[in-house]
$ cat upload07.txt   # compact mmCIF, C-alpha atoms and all ligand atoms
# COMPACT_ATOMS: atom_id res chain seq x y z
CA MET N 1 163.48 -170.75 -78.47
CA SER N 2 161.88 -171.75 -75.23
CA CYS N 3 162.85 -170.53 -71.79
CA GLN N 4 165.42 -172.32 -69.69
CA TYR N 5 164.68 -170.92 -66.22
CA HIS N 6 161.26 -171.11 -64.68
CA PRO N 7 159.44 -170.28 -61.45
CA GLY N 8 159.07 -173.20 -59.03
CA ALA N 9 155.88 -175.09 -58.18
CA GLU N 10 155.04 -173.08 -55.10
CA THR N 11 155.22 -169.82 -57.00
CA LEU N 12 153.02 -171.23 -59.77
CA LEU N 13 150.54 -172.50 -57.18
CA LYS N 14 150.33 -169.08 -55.56
CA TYR N 15 150.00 -167.44 -58.95
CA ALA N 16 147.26 -169.80 -60.14
CA SER N 17 145.30 -169.39 -56.92
CA GLY N 18 145.46 -165.60 -56.94
CA ALA N 19 147.85 -165.17 -54.02
CA ILE N 20 150.37 -163.10 -55.98
CA GLY N 21 149.43 -159.59 -57.02
CA GLY N 22 151.11 -156.45 -58.26
CA LEU N 23 154.32 -156.46 -60.27
CA HIS N 24 155.22 -160.01 -59.37
CA ASN N 25 151.93 -161.09 -60.92
CA VAL N 26 152.79 -159.07 -64.03
CA MET N 27 156.18 -160.76 -64.19
CA LEU N 28 154.70 -164.25 -64.01
CA LYS N 29 152.11 -163.40 -66.63
CA LEU N 30 154.89 -162.22 -68.94
CA HIS N 31 156.89 -165.37 -68.35
CA CYS N 32 153.83 -167.48 -69.23
CA ASP N 33 153.37 -165.40 -72.40
CA VAL N 34 156.66 -166.75 -73.71
CA CYS N 35 156.85 -170.07 -71.85
CA PRO N 36 154.26 -172.58 -73.10
CA SER N 37 155.39 -175.08 -70.50
CA CYS N 38 154.64 -172.84 -67.51
CA ALA N 39 151.47 -171.56 -69.20
CA ASN N 40 150.26 -175.17 -69.39
CA HIS N 41 151.21 -175.88 -65.81
CA VAL N 42 149.32 -172.83 -64.62
CA ALA N 43 146.29 -173.83 -66.68
CA GLU N 44 146.32 -177.26 -65.09
CA LEU N 45 146.64 -175.80 -61.59
CA GLU N 46 143.79 -173.41 -62.32
CA GLY N 47 141.70 -176.51 -62.85
CA ILE N 48 141.90 -177.06 -59.09
CA GLY N 49 140.26 -173.66 -58.72
CA GLY N 50 137.57 -174.69 -61.19
CA GLN N 51 136.87 -177.82 -59.25
CA TYR N 52 136.71 -175.80 -56.04
CA LEU N 53 134.25 -173.35 -57.61
CA ASN N 54 132.16 -176.18 -58.97
CA LYS N 55 131.75 -177.75 -55.55
CA LEU N 56 131.01 -174.53 -53.69
CA GLU N 57 127.58 -174.18 -52.17
CA GLY N 58 126.21 -171.01 -53.78
CA LEU N 59 125.09 -167.95 -51.87
CA PRO N 60 121.83 -166.35 -53.00
CA LEU N 61 122.25 -163.23 -55.12
CA ALA N 62 120.15 -160.09 -54.96
CA GLU N 63 116.74 -160.69 -56.48
CA ASN N 64 117.20 -158.40 -59.46
CA ALA N 65 120.87 -159.29 -59.96
CA PHE N 66 120.46 -160.57 -63.49
CA GLU N 67 118.37 -157.59 -64.65
CA GLN N 68 120.92 -155.28 -63.13
CA LEU N 69 123.70 -157.15 -64.90
CA MET N 70 121.98 -156.94 -68.28
CA SER N 71 121.28 -153.26 -67.92
CA ARG N 72 124.93 -152.64 -67.06
CA ILE N 73 126.03 -154.64 -70.06
CA GLU N 74 123.70 -152.68 -72.30
CA SER N 75 124.64 -149.29 -70.89
CA GLU N 76 128.40 -149.72 -70.75
CA PRO N 77 130.00 -149.02 -74.10
CA GLN N 78 131.29 -152.13 -75.83
CA LEU N 79 135.02 -152.28 -75.91
CA SER N 80 136.36 -152.46 -79.40
CA THR N 81 137.60 -155.97 -78.95
CA SER N 82 136.79 -158.26 -81.73
CA ALA N 83 138.65 -161.52 -81.29
CA GLY N 84 140.92 -160.58 -84.15
CA THR N 85 142.40 -157.35 -82.87
CA ALA N 86 142.61 -158.52 -79.30
CA ALA N 87 144.54 -161.61 -80.23
CA GLU N 88 147.21 -159.41 -81.72
CA ILE N 89 149.20 -158.98 -78.56
CA ASN N 90 149.03 -162.44 -77.19
CA ASN N 91 145.43 -162.25 -75.99
CA SER N 92 146.20 -159.39 -73.68
CA ASN N 93 142.48 -158.71 -73.34
CA ASP N 94 141.76 -162.23 -72.26
CA PRO N 95 140.06 -161.82 -68.87
CA THR N 96 141.54 -165.04 -67.60
CA LYS N 97 145.07 -163.79 -68.20
CA ARG N 98 145.09 -160.16 -67.29
CA THR N 99 143.97 -158.84 -63.97
CA SER N 100 142.43 -155.54 -64.73
CA ASP N 101 139.90 -153.75 -66.83
CA THR N 102 140.04 -150.55 -68.79
CA ASP N 103 140.11 -148.25 -65.77
CA ALA N 104 143.72 -149.28 -65.55
CA PRO N 105 145.37 -149.29 -62.16
CA VAL N 106 149.10 -148.86 -62.03
CA ALA N 107 150.48 -152.34 -62.57
CA ASN N 108 148.52 -152.74 -65.76
CA ASP N 109 150.04 -149.64 -67.36
CA TYR N 110 153.41 -151.29 -67.13
CA LEU N 111 152.11 -154.53 -68.52
CA HIS N 112 151.72 -152.94 -71.94
CA ILE N 113 155.21 -151.42 -71.95
CA LEU N 114 156.79 -154.63 -70.75
CA GLU N 115 154.87 -156.70 -73.29
CA GLN N 116 156.10 -154.45 -76.07
CA ILE N 117 159.70 -155.08 -75.07
CA LEU N 118 159.31 -158.81 -74.47
CA LEU N 119 157.05 -159.72 -77.36
CA LYS N 120 157.99 -157.17 -79.99
CA GLY N 121 161.44 -156.09 -78.92
CA THR N 122 160.32 -152.46 -78.96
CA SER N 123 161.73 -150.22 -76.28
CA LYS N 124 161.67 -146.89 -78.06
CA GLY N 125 160.63 -143.75 -76.29
CA LEU N 126 161.37 -145.00 -72.80
CA ASN N 127 162.75 -142.43 -70.43
CA TRP N 128 165.84 -144.23 -69.19
CA HIS N 129 167.67 -142.78 -66.21
CA TRP N 130 171.31 -143.31 -67.01
CA ARG N 131 173.30 -144.16 -63.91
CA THR N 132 176.60 -144.87 -65.63
CA LYS N 133 177.58 -144.93 -69.30
CA ARG N 134 176.46 -148.54 -69.61
CA PHE N 135 173.74 -148.89 -67.09
CA ALA N 136 170.29 -147.31 -66.91
CA GLU N 137 167.03 -147.91 -65.12
CA ILE N 138 163.42 -146.88 -64.89
CA PRO N 139 161.73 -147.22 -61.53
CA LEU N 140 158.24 -148.71 -61.68
CA PRO N 141 156.45 -147.40 -58.64
CA THR N 142 153.21 -149.08 -57.61
CA ASN N 143 150.68 -148.61 -54.89
CA ASP N 144 151.63 -152.04 -53.63
CA ASP N 145 154.33 -151.66 -50.99
CA SER N 146 155.13 -155.30 -50.84
CA PHE N 147 156.98 -155.21 -54.16
CA ASP N 148 159.20 -152.66 -55.77
CA GLY N 149 160.03 -152.90 -59.45
CA LYS N 150 162.51 -151.57 -61.97
CA LEU N 151 163.38 -151.84 -65.59
CA ILE N 152 167.13 -152.21 -65.95
CA TYR N 153 169.25 -151.67 -69.04
CA PHE N 154 172.76 -153.07 -69.28
CA LYS N 155 175.02 -152.44 -72.21
CA LYS N 156 176.99 -155.39 -73.52
CA GLY N 157 179.90 -156.29 -71.27
CA MET N 158 178.49 -154.47 -68.27
CA LYS N 159 179.09 -156.33 -65.07
CA VAL N 160 175.73 -156.69 -63.40
CA PRO N 161 176.24 -155.38 -59.87
CA GLN N 162 175.75 -157.89 -57.10
CA HIS N 163 172.69 -157.32 -55.06
CA THR N 164 172.52 -157.51 -51.32
CA HIS N 165 170.98 -160.65 -49.88
CA ARG N 166 167.31 -160.33 -49.56
CA ASP N 167 164.28 -162.49 -49.04
CA LYS N 168 162.76 -162.26 -52.44
CA GLU N 169 164.09 -160.82 -55.59
CA TYR N 170 163.15 -161.86 -59.12
CA THR N 171 164.43 -160.95 -62.54
CA LEU N 172 162.81 -161.53 -65.92
CA VAL N 173 164.96 -161.08 -68.99
CA LEU N 174 162.94 -159.04 -71.49
CA SER N 175 165.55 -158.79 -74.21
CA GLY N 176 169.20 -159.65 -74.68
CA ALA N 177 171.02 -161.96 -72.31
CA PHE N 178 173.33 -162.04 -69.35
CA SER N 179 175.32 -164.85 -67.86
CA ASP N 180 177.34 -166.01 -64.91
CA ASP N 181 179.43 -169.11 -64.42
CA LYS N 182 176.30 -171.15 -63.80
CA GLY N 183 174.49 -170.31 -66.99
CA THR N 184 173.16 -167.86 -69.52
CA TYR N 185 169.86 -166.12 -68.95
CA ARG N 186 167.95 -165.17 -72.06
CA ARG N 187 164.71 -163.53 -73.09
CA GLY N 188 161.82 -164.86 -71.02
CA ASP N 189 163.95 -166.52 -68.37
CA TYR N 190 162.77 -166.07 -64.81
CA VAL N 191 165.64 -165.93 -62.36
CA SER N 192 165.41 -165.72 -58.59
CA ASN N 193 168.05 -164.05 -56.50
CA SER N 194 169.22 -167.21 -54.81
CA ARG N 195 170.63 -168.29 -58.12
CA LEU N 196 172.52 -165.08 -58.72
CA ASP N 197 174.11 -164.86 -55.29
CA GLU N 198 177.86 -165.09 -55.15
CA HIS N 199 178.58 -164.81 -58.86
CA ALA N 200 178.37 -161.35 -60.38
CA PRO N 201 176.80 -161.85 -63.81
CA ILE N 202 177.81 -160.05 -66.95
CA ALA N 203 175.69 -158.77 -69.86
CA GLU N 204 176.25 -160.88 -72.97
CA SER N 205 174.56 -158.33 -75.17
CA ASP N 206 172.57 -155.16 -74.58
CA CYS N 207 170.07 -156.46 -72.12
CA ILE N 208 166.79 -155.26 -70.63
CA CYS N 209 165.60 -156.88 -67.43
CA PHE N 210 162.51 -156.43 -65.33
CA ALA N 211 163.38 -156.77 -61.64
CA VAL N 212 161.01 -157.07 -58.71
CA THR N 213 162.20 -156.89 -55.12
CA THR N 214 160.66 -156.66 -51.72
CA GLU N 215 162.66 -153.52 -50.99
CA PRO N 216 164.68 -150.98 -52.99
CA LEU N 217 167.78 -152.39 -54.67
CA LYS N 218 171.02 -151.87 -52.84
CA PHE N 219 174.17 -153.02 -54.54
CA THR N 220 177.29 -154.44 -52.98
CA GLY N 221 180.52 -155.31 -54.74
CA THR N 222 182.79 -152.97 -56.67
CA PHE N 223 180.05 -150.71 -57.94
CA GLY N 224 178.35 -150.75 -54.59
CA PRO N 225 178.94 -147.40 -53.00
CA VAL N 226 178.57 -145.45 -56.22
CA LEU N 227 175.41 -147.20 -57.28
CA ASN N 228 173.88 -146.94 -53.89
CA TRP N 229 174.53 -143.27 -53.97
CA PHE N 230 172.74 -143.02 -57.29
CA PHE N 231 169.88 -145.12 -56.18
CA ASN N 232 169.16 -143.29 -52.98
CA MET C 1 160.78 -192.66 -55.84
CA ALA C 2 160.01 -195.88 -57.69
CA ASN C 3 157.56 -196.78 -54.93
CA VAL C 4 155.73 -193.51 -55.25
CA VAL C 5 155.35 -194.06 -58.95
CA ALA C 6 154.02 -197.59 -58.47
CA ILE C 7 151.56 -196.49 -55.84
CA ASN C 8 150.43 -193.62 -58.00
CA GLN C 9 149.90 -195.82 -61.00
CA TYR C 10 147.84 -198.20 -58.96
CA LYS C 11 145.78 -195.36 -57.56
CA LEU C 12 145.37 -193.89 -60.97
CA LYS C 13 143.92 -197.12 -62.31
CA ARG C 14 141.62 -197.53 -59.35
CA LYS C 15 140.48 -193.95 -59.50
CA ARG C 16 139.76 -194.27 -63.18
CA LEU C 17 137.61 -197.34 -62.68
CA GLU C 18 135.65 -195.80 -59.85
CA GLN C 19 135.23 -192.43 -61.40
CA THR C 20 134.21 -193.28 -64.91
CA THR C 21 130.58 -192.51 -64.21
CA VAL C 22 131.35 -189.40 -62.18
CA ASP C 23 133.58 -188.11 -64.96
CA GLN C 24 130.91 -188.90 -67.48
CA ASP C 25 128.39 -186.79 -65.56
CA ARG C 26 130.84 -183.97 -65.24
CA ARG C 27 131.63 -184.06 -68.93
CA VAL C 28 127.97 -183.93 -69.84
CA GLN C 29 127.45 -181.01 -67.47
CA ASN C 30 130.45 -179.19 -68.82
CA GLN C 31 129.29 -179.77 -72.37
CA LYS C 32 126.05 -178.03 -71.50
CA TRP C 33 127.89 -174.97 -70.16
CA ILE C 34 130.17 -174.92 -73.17
CA GLU C 35 127.14 -174.77 -75.43
CA CYS C 36 125.78 -171.88 -73.40
CA LEU C 37 129.05 -169.97 -73.74
CA VAL C 38 129.19 -170.59 -77.45
CA LYS C 39 125.64 -169.23 -77.81
CA VAL C 40 126.63 -166.16 -75.81
CA ALA C 41 129.69 -165.64 -77.97
CA LYS C 42 128.01 -166.21 -81.29
CA THR C 43 124.51 -164.86 -80.93
CA GLN C 44 124.51 -162.88 -77.66
CA ASP C 45 121.93 -165.35 -76.40
CA GLN C 46 120.54 -163.90 -73.17
CA SER C 47 118.79 -167.02 -71.95
CA ALA C 48 121.95 -169.10 -72.32
CA PHE C 49 123.74 -166.37 -70.42
CA GLN C 50 121.12 -166.43 -67.70
CA SER C 51 121.55 -170.19 -67.29
CA LEU C 52 125.25 -169.66 -66.73
CA PHE C 53 124.59 -166.82 -64.34
CA ASN C 54 122.00 -168.74 -62.35
CA HIS C 55 124.32 -171.69 -61.95
CA PHE C 56 127.70 -170.03 -61.44
CA GLY C 57 126.73 -166.59 -60.07
CA PRO C 58 125.87 -167.82 -56.54
CA LYS C 59 129.03 -169.95 -56.49
CA VAL C 60 131.17 -166.99 -57.50
CA LYS C 61 129.60 -164.94 -54.71
CA SER C 62 130.35 -167.75 -52.31
CA PHE C 63 133.97 -167.76 -53.53
CA TYR C 64 134.40 -164.05 -52.75
CA VAL C 65 132.77 -164.35 -49.34
CA ALA C 66 134.99 -167.35 -48.54
CA HIS C 67 137.94 -165.12 -49.47
CA HIS C 68 136.93 -162.61 -46.81
CA LEU C 69 135.08 -160.04 -48.89
CA SER C 70 131.81 -158.57 -47.68
CA PRO C 71 128.56 -159.80 -49.28
CA GLN C 72 128.06 -156.36 -50.87
CA ILE C 73 131.46 -156.35 -52.50
CA ALA C 74 131.04 -159.99 -53.44
CA GLU C 75 127.79 -159.12 -55.19
CA GLU C 76 129.47 -156.28 -57.09
CA LEU C 77 132.36 -158.51 -58.14
CA VAL C 78 129.91 -161.16 -59.34
CA GLN C 79 128.47 -158.50 -61.64
CA GLU C 80 131.91 -157.57 -62.92
CA THR C 81 132.83 -161.22 -63.41
CA PHE C 82 129.77 -161.85 -65.55
CA ILE C 83 130.20 -158.64 -67.54
CA SER C 84 133.53 -160.19 -68.57
CA VAL C 85 131.93 -163.58 -69.20
CA TRP C 86 129.51 -161.85 -71.58
CA ARG C 87 132.12 -159.75 -73.33
CA TYR C 88 134.85 -162.30 -73.65
CA ALA C 89 132.87 -165.49 -74.17
CA ASN C 90 134.66 -165.82 -77.50
CA TYR C 91 137.94 -166.28 -75.66
CA PHE C 92 136.84 -169.53 -74.13
CA GLU C 93 138.51 -172.39 -75.94
CA SER C 94 135.89 -175.09 -75.89
CA ASN C 95 138.34 -177.77 -76.95
CA LYS C 96 140.29 -177.52 -73.76
CA GLY C 97 138.73 -177.04 -70.50
CA GLN C 98 136.07 -176.70 -67.99
CA VAL C 99 133.77 -173.70 -67.97
CA SER C 100 134.04 -173.65 -64.19
CA THR C 101 137.82 -173.19 -64.48
CA TRP C 102 137.41 -170.39 -66.98
CA ILE C 103 134.95 -168.57 -64.73
CA TYR C 104 137.18 -169.22 -61.72
CA THR C 105 140.14 -167.49 -63.40
CA ILE C 106 138.03 -164.46 -64.27
CA ALA C 107 136.68 -164.25 -60.71
CA ARG C 108 140.20 -164.62 -59.30
CA ASN C 109 141.45 -161.78 -61.49
CA LYS C 110 138.56 -159.52 -60.48
CA LYS C 111 139.53 -160.12 -56.88
CA LEU C 112 143.17 -159.17 -57.53
CA ASP C 113 141.97 -156.15 -59.45
CA TYR C 114 139.75 -155.11 -56.58
CA PHE C 115 142.64 -155.49 -54.14
CA ARG C 116 144.81 -153.29 -56.30
CA LYS C 117 142.20 -150.59 -56.72
CA THR C 118 141.52 -150.45 -53.01
CA ASN C 119 145.18 -150.76 -52.12
CA ARG C 120 144.47 -153.83 -50.11
CA GLN C 121 147.26 -156.27 -49.46
CA ILE C 122 146.87 -159.87 -50.42
CA ASN C 123 147.54 -161.76 -47.25
CA THR C 124 149.95 -164.26 -48.67
CA THR C 125 152.33 -164.36 -45.73
CA GLU C 126 149.72 -165.50 -43.30
CA LEU C 127 148.69 -168.20 -45.69
CA ILE C 128 151.76 -169.87 -46.96
CA SER C 129 155.14 -168.33 -46.43
CA ASP C 130 155.20 -168.56 -42.66
CA ASP C 131 155.37 -172.30 -42.73
CA ILE C 132 156.99 -173.08 -46.01
CA ALA C 133 160.08 -170.98 -45.69
CA VAL C 134 162.07 -173.12 -48.01
CA GLU C 135 161.05 -173.61 -51.53
CA PRO C 136 163.40 -176.33 -52.57
CA GLY C 137 164.29 -175.61 -56.13
CA GLU C 138 162.53 -172.29 -56.56
CA GLN C 139 164.26 -172.37 -59.86
CA TYR C 140 164.08 -174.99 -62.56
CA THR C 141 165.83 -175.51 -65.80
CA THR C 142 164.10 -177.15 -68.71
CA ARG C 143 164.95 -180.71 -69.45
CA ILE C 144 165.57 -181.58 -73.02
CA GLY C 145 162.83 -183.62 -74.61
CA GLU C 146 160.34 -182.59 -71.98
CA GLU C 147 156.81 -183.62 -72.85
CA LEU C 148 153.64 -181.93 -71.80
CA THR C 149 151.61 -184.32 -69.74
CA PHE C 150 148.99 -183.80 -67.09
CA PHE C 151 150.69 -184.02 -63.75
CA LEU C 152 147.86 -183.56 -61.26
CA PRO C 153 146.48 -187.12 -61.57
CA GLN C 154 149.87 -188.34 -60.40
CA LEU C 155 149.73 -186.34 -57.20
CA PRO C 156 148.57 -188.49 -54.27
CA ASP C 157 144.96 -187.68 -53.34
CA GLU C 158 145.74 -186.51 -49.83
CA GLN C 159 148.33 -184.07 -51.14
CA TYR C 160 145.93 -182.77 -53.77
CA GLU C 161 143.30 -182.16 -51.08
CA VAL C 162 145.68 -180.18 -48.89
CA ILE C 163 146.87 -178.07 -51.82
CA LYS C 164 143.30 -177.31 -52.74
CA LYS C 165 142.38 -176.31 -49.21
CA VAL C 166 145.44 -174.22 -48.43
CA TYR C 167 146.07 -172.48 -51.74
CA PHE C 168 142.70 -172.34 -53.48
CA GLU C 169 140.29 -172.23 -50.57
CA GLN C 170 142.89 -170.17 -48.72
CA LEU C 171 142.25 -171.88 -45.41
CA SER C 172 144.82 -171.42 -42.68
CA HIS C 173 146.89 -174.51 -42.00
CA GLN C 174 145.02 -175.01 -38.74
CA LYS C 175 141.65 -174.69 -40.44
CA ALA C 176 142.72 -177.14 -43.12
CA ALA C 177 143.83 -179.56 -40.41
CA ASP C 178 140.46 -179.26 -38.68
CA THR C 179 138.48 -179.75 -41.88
CA LEU C 180 140.48 -182.78 -42.94
CA ASN C 181 140.62 -184.11 -39.40
CA ILE C 182 144.41 -184.43 -39.38
CA THR C 183 147.10 -182.75 -37.32
CA LEU C 184 148.73 -179.43 -38.12
CA GLY C 185 152.03 -181.23 -38.59
CA THR C 186 150.49 -183.58 -41.13
CA VAL C 187 149.10 -180.62 -43.08
CA LYS C 188 152.53 -179.02 -43.22
CA GLY C 189 154.19 -182.26 -44.19
CA ARG C 190 151.70 -182.86 -46.99
CA ILE C 191 152.11 -179.36 -48.37
CA ARG C 192 155.85 -179.81 -48.42
CA SER C 193 155.58 -183.19 -50.14
CA ALA C 194 153.05 -181.85 -52.62
CA VAL C 195 155.27 -178.91 -53.57
CA ASN C 196 158.25 -181.24 -53.92
CA ASN C 197 156.29 -183.66 -56.07
CA LEU C 198 154.86 -180.87 -58.21
CA ASN C 199 158.31 -179.50 -58.83
CA LYS C 200 159.41 -182.90 -60.04
CA LEU C 201 156.28 -183.64 -62.04
CA MET C 202 156.33 -180.27 -63.75
CA ARG C 203 159.88 -180.72 -64.86
CA GLY C 204 159.80 -184.17 -66.20
CA GLY C 205 158.40 -186.69 -63.75
CA LEU C 206 159.04 -188.14 -60.32
ZN ZN S 301 158.48 -171.35 -67.63
$ encode --input "upload07.txt" --output "structure tokens"
Amino acid sequence: MSCQYHPGAETLLKYASGAIGGLHNVMLKLHCDVCPSCANHVAELEGIGGQYLNKLEGLPLAENAFEQLMSRIESEPQLSTSAGTAAEINNSNDPTKRTSDTDAPVANDYLHILEQILLKGTSKGLNWHWRTKRFAEIPLPTNDDSFDGKLIYFKKGMKVPQHTHRDKEYTLVLSGAFSDDKGTYRRGDYVSNSRLDEHAPIAESDCICFAVTTEPLKFTGTFGPVLNWFFN
Amino acid sequence: MANVVAINQYKLKRKRLEQTTVDQDRRVQNQKWIECLVKVAKTQDQSAFQSLFNHFGPKVKSFYVAHHLSPQIAEELVQETFISVWRYANYFESNKGQVSTWIYTIARNKKLDYFRKTNRQINTTELISDDIAVEPGEQYTTRIGEELTFFLPQLPDEQYEVIKKVYFEQLSHQKAADTLNITLGTVKGRIRSAVNNLNKLMRGGL
């Protein structure tokens, strides 16, 4: 089943042009993994980048640049990526889709874990921090201070605590579903905070979400004080 | 909105007539680069690879320098970009797409990767958010029966140009205004219209 909730055009433009990094980039990549429609939109927007590159006046490279390149290619061990094995997890080695190489910086470590949950439904072995009987989380620290991320686990029937108003906050449903009186958000759906304001959503089934915010989560509403205490 | 559609259709027809030869040239060019990539993927053909490098390498360097990286770092990232071109040539899907777009996406990702490794912030706020505070309809729901069509040809030329300058060339709004010889206000207005139109086009048409 395809996704129902998608990022808007400006977000896709920023993503396609490389203006979104860190965990938000990871989130958009994951959405595109399961949303053919957005994946196609991004591919079309990337064509603007291709046209830009095509028309750029080149700058001369170092004289021995090509020799240097070939000797690096020959000296660096080949990654064991035949097309077959790499294609297994949704082309996760595809250099046009992922943003980092084998010397994995932080955000890329998470990519694998998040992909496992989203694409294969596997979330075994994760070290959940239980905050209440029905609510757990795993903080995803990065070296990028502009975004802060978390994995959140809600058991069925758990009222998702209302968040405080904030500039930017995004949620991607990795498994399960939650809903409010405006709709139901399922696996792959990308939801921005403006949509979730006002109406405290409720988990329809055991639900794992990936949340990215510009600052640490602070909850208001009934659970507010308790949760804030746990979070801080 | 009916007017916009009519104007766009007219423009589309005109553009197609005028650009048939240009497109033809571009297709022939692209076909040549596709063949090079296929040779790299299938037979590790170094001379095909060198043709690609000689053509796109300097452009990729220029891209990094335009995005405020030093020539030294640009040169290093060109190397990394082409190491990936060599290794992952088999990922290029020759049935859909321009080689320049494929290389662009690799170069873009190397830049993001470099920023992450060096803990450098991507200066998005300066670029876009300061002026476009509202993103009308940040959120979209799928329409039933939605068809995949190319939407960019339906975007008015002047909006396309501004989008390209501001997002992809990452020019400041003022710089974009200067280059296009229009006012700052016009730049902002066109970005807003373009984003609005794209939101509509992406989710089922104007
Ligand atoms: Zn989508």
$ residues_near_ligand --input "upload07.txt" --ligand "ligand ZN 301 (chain S)" --cutoff "8 Å" --atoms "only C-alpha atoms and all ligand atoms" --output "PyMOL selection string"
chain N and resi 3-7+31-32+34-39+189-190
$ residues_near_point --input "upload07.txt" --point "(149.5, -159.7, -60.4)" --cutoff "9 Å" --atoms "all atoms listed in the file" --output "PDB file with C-alpha atoms, in the frame of the given file"
ATOM      1  CA  TYR N  15     150.000-167.440 -58.950  1.00  0.00           C
ATOM      2  CA  GLY N  18     145.460-165.600 -56.940  1.00  0.00           C
ATOM      3  CA  ALA N  19     147.850-165.170 -54.020  1.00  0.00           C
ATOM      4  CA  ILE N  20     150.370-163.100 -55.980  1.00  0.00           C
ATOM      5  CA  GLY N  21     149.430-159.590 -57.020  1.00  0.00           C
ATOM      6  CA  GLY N  22     151.110-156.450 -58.260  1.00  0.00           C
ATOM      7  CA  LEU N  23     154.320-156.460 -60.270  1.00  0.00           C
ATOM      8  CA  HIS N  24     155.220-160.010 -59.370  1.00  0.00           C
ATOM      9  CA  ASN N  25     151.930-161.090 -60.920  1.00  0.00           C
ATOM     10  CA  VAL N  26     152.790-159.070 -64.030  1.00  0.00           C
ATOM     11  CA  MET N  27     156.180-160.760 -64.190  1.00  0.00           C
ATOM     12  CA  LEU N  28     154.700-164.250 -64.010  1.00  0.00           C
ATOM     13  CA  LYS N  29     152.110-163.400 -66.630  1.00  0.00           C
ATOM     14  CA  ARG N  98     145.090-160.160 -67.290  1.00  0.00           C
ATOM     15  CA  THR N  99     143.970-158.840 -63.970  1.00  0.00           C
ATOM     16  CA  ALA N 107     150.480-152.340 -62.570  1.00  0.00           C
ATOM     17  CA  ASN N 108     148.520-152.740 -65.760  1.00  0.00           C
TER      18      ASN N 108
ATOM     19  CA  ASN C 109     141.450-161.780 -61.490  1.00  0.00           C
ATOM     20  CA  LEU C 112     143.170-159.170 -57.530  1.00  0.00           C
ATOM     21  CA  ASP C 113     141.970-156.150 -59.450  1.00  0.00           C
ATOM     22  CA  ARG C 116     144.810-153.290 -56.300  1.00  0.00           C
TER      23      ARG C 116
END
$ residues_near_point --input "upload07.txt" --point "(127.3, -166.0, -52.7)" --cutoff "6 Å" --atoms "all atoms listed in the file" --output "number ranges by chain"
N: 58-60; C: 58-59, 61-62
$ atom_distance --input "upload07.txt" --atom1 "CA of Thr122 (chain N)" --atom2 "CA of Lys150 (chain N)"
17.2 Å
$ atom_distance --input "upload07.txt" --atom1 "CA of Gly157 (chain N)" --atom2 "CA of Ser205 (chain N)"
6.9 Å
$ closest_residue --input "upload07.txt" --among "C:Thr105, C:Ser172, C:Gln72, C:Val162" --to "chain N" --atoms "only C-alpha atoms"
C:Thr105
$ residues_around --input "upload07.txt" --residues "Val166 (chain C)" --least-positions-apart "6" --cutoff "10 Å" --atoms "all atoms listed in the file" --output "PyMOL selection string"
(chain N and resi 17) or (chain C and resi 127-128+172-177+187+191)
